[in-house]
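Structure record follows, encoded as structure tokens.
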Amino acid sequence: MHHYSYIGSPSRWRLLRPVLVIIVVASLLISYIFLKSRPSYAYYDTLAKHEEAESRRLIRNSPENKYVLFKQLQGAGFNNQAQEILLFHHLALQSSRVYVYQPVIWRPSGAQAKVPLTAFIPGIARNSISSVVFNEACSAEETKHINIKVTNLSLWEYTKLQLSGNEKCIVVDNWILNWDFLASAALHDIWPEFKKYLASHFQWSDAIQSIAQRAHQDLNLRSSNDEGEPYIALHFRRGDFEGHCQSLAARQTGFTTWATLPSLQPSISSPRLDTANSTSITEHCYPPLHRIVTIINSLVRDRPHLRTLHVLHDGAWDHPLVYAQHYSLKATLTAKGGPITRVTHSGQVPIGWGEADWAVSVDTELARRAEVFVGNGYSSLSTQVVALRLGADGGRVEDIALL
């Protein structure tokens with residue numbers, strides 16, 4: 001009697017072979033995605049060591065400095081963290097104190113994963129010190145801890161007053177630039193000086209600028225020179241935003257940060273936002289495709305030379321429907337007689353090995369450089385683009401549309 005093992009059976013082997021091929025291909029694909037998105041930890045380590053060395057040099061060479069360490073947002077999206085860091089740095093400078101900066105908490109790599117700030121916005125680190133060496137600059141006896149609890153409208157000036165004392169080191173123990181403050185009219189009074197601050201202090205890292213320039217070349221998008229096609233940048237915020245928008249509608253929440261500026265109100269697409277109406281909030285926060293198409297149509301009618309659209313989207317393996325919505329939007333806009341002849345998108349940006357951490361920053365920069373930007377007033381990425389266009393670049397509100 002002959003005995004055949006399960007694997008040895010020719011018929012069973014034929015059945016198993018496709019399964020094994022699928023497993024091998026899936027394993028190779030997962031490995032490729034992991035390795036391509038894996039950041040250069042050696043590079044981050046080099047940056048962290050440089051931050052510490054420069055911080056110690058500043059402490060050593062300027063013993064008369066006064067310092068401030070703020071309680072900061074931990075683990076939110078990159079632009080949420082970045083806008084807060086920029087505001088805190090501005091506040092420290094206005095208070096004649098050295099800003100104590102902290103690393104970016106990078107959620108894609110884990111809840112507590114830290115990336116050196118200079119990997120993204122190195123300008124903040126100049127004449128500032130890293131929180132890693134804060135205790136070397138400030139002993140417990142030299143450090144004053146404070147809590148600030150005042151109205152949004154008085155918070156900025158009151159905090160400057162609290163920081164104006166002779167104490168060498170001050171730690172603000174409570175989170176003062178919270179969501180309510182960032183959505184309030186208090187930012188309007190800060191804006192004139194913050195615009196100047198952005199123009200003189202904001203700078204992307206060399207890595208981000210290099211990838212952005214590569215994207216302009218590969219996607220044939222015009223930047224500051226005359227090469228490439230002029231384009232509209234659209235921030236197509238989807239992903240987890242549908243549930244978030246429903247929550248905002250229930251709380252009757254308006255736009256955030258710089259989207260609330262009075263000068264930008266003409267840029268809000270009609271019908272205007274009515275925070276007393278949950279349907280209105282949803283229309284602006286999670287706009288239907290037909291609304292976006294109408295806005296793009298209107299922009300192209302006024303600027304017929306703009307026939308290229310670059311879409312910033314958050315499509316990912318855990319948000320696959322974003323891709324379906326993107327391609328539906330593209331098909332409508334590029335159909336015969338449509339306003340757009342060519343569409344590029346975030347997935348086509350030439351992100352190389354170890355560069356995935358910079359993808360969101362590159363998206364922000366590509367939107368900043370567009371001739372016209374169409375953004376979402378509920379998104380920190382969009383409002384960051386607005387601030388950079390109007391502040392750092394001295395751009396025009398007429399070249400911005402808010403969905």
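In the structure tokens, chains take letters A, B, ... by order of appearance, with residues numbered from 1 within each chain and ligands from 1 in the order shown.
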
Using only C-alpha atoms, which residues of stretch 152-240 of chain A come within 10 Å of stretch 280-286 of chain A, and what is the closest atom pair for each, with the distance in Å to one decimal? Give it as a tab-separated table, sorted by chain and residue number.
residue	atom	partner	partner_atom	distance
A:Phe236	CA	A:Tyr286	CA	9.1
A:Arg237	CA	A:Tyr286	CA	7.6
A:Arg238	CA	A:Tyr286	CA	7.2

Using 12 Å as the limit and counting only C-alpha atoms, can you tabulate each residue of stretch 63-113 of chain A that touches stretch 36-55 of chain A, with its shortest atom-to-atom distance in Å and the two atoms involved, as a tab-separated table?
residue	atom	partner	partner_atom	distance
A:Val98	CA	A:Ser55	CA	10.7
A:Tyr99	CA	A:Ser55	CA	10.9
A:Val100	CA	A:Ser55	CA	9.4
A:Tyr101	CA	A:Glu51	CA	10.0
A:Gln102	CA	A:Glu51	CA	10.5
A:Pro103	CA	A:Ala48	CA	9.1
A:Val104	CA	A:Tyr44	CA	11.6
A:Trp106	CA	A:Pro39	CA	11.2
A:Pro108	CA	A:Ser37	CA	9.9
A:Ser109	CA	A:Arg38	CA	8.7
A:Ala113	CA	A:Tyr41	CA	11.3

Near A:Phe202, within 9 Å and counting only C-alpha atoms, which residues show up once chain neighbours fewer than 3 positions away are dropped, as a list in words?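 Counting only the stated atoms, we get Leu86, Ile121, Pro122, Gly123, Ile124, Tyr197, Leu198, Ala199, Leu388 and Ala392 of chain A.
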
Contacts of A:Leu155 at 9 Å (only C-alpha atoms; same-chain gap of 3+ positions) as a list in words: Ile148, Lys149, Val150, Thr151, Asn152, Tyr158, Thr159, Lys160, Ile176, Leu177, Phe181 and Ala186 of chain A

Using backbone DSSP assignments, extract all strand (DSSP E or B) residues from stretch 91-275 of chain A; output them as a PyMOL selection string. chain A and resi 98-101+104-105+114-115+129-130+143-146+169-172+221+229+231-236+268

Filtered DSSP result for stretch 131-319 of chain A, state helix (DSSP H, G or I), as JSON, numbers by chain: {"A": [131, 132, 133, 134, 135, 136, 137, 140, 141, 142, 152, 153, 154, 155, 156, 157, 158, 159, 160, 161, 162, 179, 180, 181, 182, 186, 187, 188, 189, 190, 191, 192, 193, 194, 195, 196, 197, 198, 199, 200, 201, 206, 207, 208, 209, 210, 211, 212, 213, 214, 215, 216, 217, 218, 219, 241, 242, 243, 244, 245, 246, 247, 248, 249, 250, 257, 258, 259, 260, 262, 263, 264, 265, 266, 267, 278, 279, 280, 281, 282, 283, 284, 285, 289, 290, 291, 292, 293, 294, 295, 296, 297, 298, 299, 300, 301, 302]}

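Considering only C-alpha atoms, the residue among A:Ser263, A:Thr256, A:Ser205, A:Asn147 positioned nearest to A:Asp180 is A:Thr256.
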
For A:Leu248, please output as a compact mmCIF listing (two decimals) with C-alpha atoms, in the first residue's frame all residues within 10 Å (counting only C-alpha atoms; exclusion window: fewer than 4 positions along the same chain).
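Once written, part_16.txt looks like this:
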# COMPACT_ATOMS: atom_id res chain seq x y z
CA GLU A 242 -16.76 62.42 8.04
CA GLY A 243 -17.27 61.39 11.66
CA HIS A 244 -15.26 64.38 12.87
CA GLN A 252 -22.08 74.01 16.23
CA THR A 253 -18.37 74.61 15.67
CA GLY A 254 -17.01 77.11 13.16
CA PHE A 255 -13.77 77.22 11.19
CA THR A 275 -22.78 77.56 12.64
CA SER A 278 -25.68 71.56 11.28
CA ILE A 281 -21.40 72.93 8.88
CA THR A 282 -21.37 69.52 7.20
CA CYS A 285 -16.52 70.48 6.56
CA TYR A 378 -11.95 73.02 9.41

Please, which residues in stretch 53-92 of chain A fall within 10 Å of stretch 356-370 of chain A when counting only C-alpha atoms, and what is the closest atom pair and distance in Å to one decimal for each, ordered by chain then residue number, as JSON lines?
{"residue": "A:Gly77", "atom": "CA", "partner": "A:Val360", "partner_atom": "CA", "distance": 9.5}
{"residue": "A:Phe78", "atom": "CA", "partner": "A:Val360", "partner_atom": "CA", "distance": 7.6}
{"residue": "A:Asn79", "atom": "CA", "partner": "A:Ser361", "partner_atom": "CA", "distance": 8.2}
{"residue": "A:Ala82", "atom": "CA", "partner": "A:Ser361", "partner_atom": "CA", "distance": 9.9}

Enter the distance from atom CA of A:Val386 to atom CA of A:Ser131, in Å, rounded to one decimal.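 One can read the atom CA of A:Val386 to atom CA of A:Ser131 distance as 29.2 Å.
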
Here is a test: counting only C-alpha atoms, which residue of A:Gly347, A:Gly75, A:Gly375, A:Gly352 is nearest to A:His313?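 When distances to A:His313 are compared using only C-alpha atoms, the smallest one comes from A:Gly347.
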
Which of A:Leu299, A:Lys144, A:Phe134, A:Gly337 sits closest to A:Ser267 [using only C-alpha atoms]: A:Leu299

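Ranking A:Arg17, A:Leu264, A:Thr279, A:Thr344 by their shortest atom-to-atom distance to A:Cys245, with only C-alpha atoms included, puts A:Thr279 first.
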
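With only C-alpha atoms as the atoms that count, the residue of A:Phe88, A:Trp353, A:Trp179, A:Trp191 with the shortest distance to A:Pro262 is A:Trp191.
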
Can you pull out every residue within 12 Å of A:Tyr231, counting only C-alpha atoms, but drop anything in the same chain fewer than 5 positions away, and send it as a PyMOL selection string? chain A and resi 216+219-223+296+299-300+303-311+340-345+366-374+399

Please measure the separation of atom CA of A:Lys114 and atom CA of A:Ile85, giving the value in Å to one decimal.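 Between atom CA of A:Lys114 and atom CA of A:Ile85 the gap works out to 14.8 Å.
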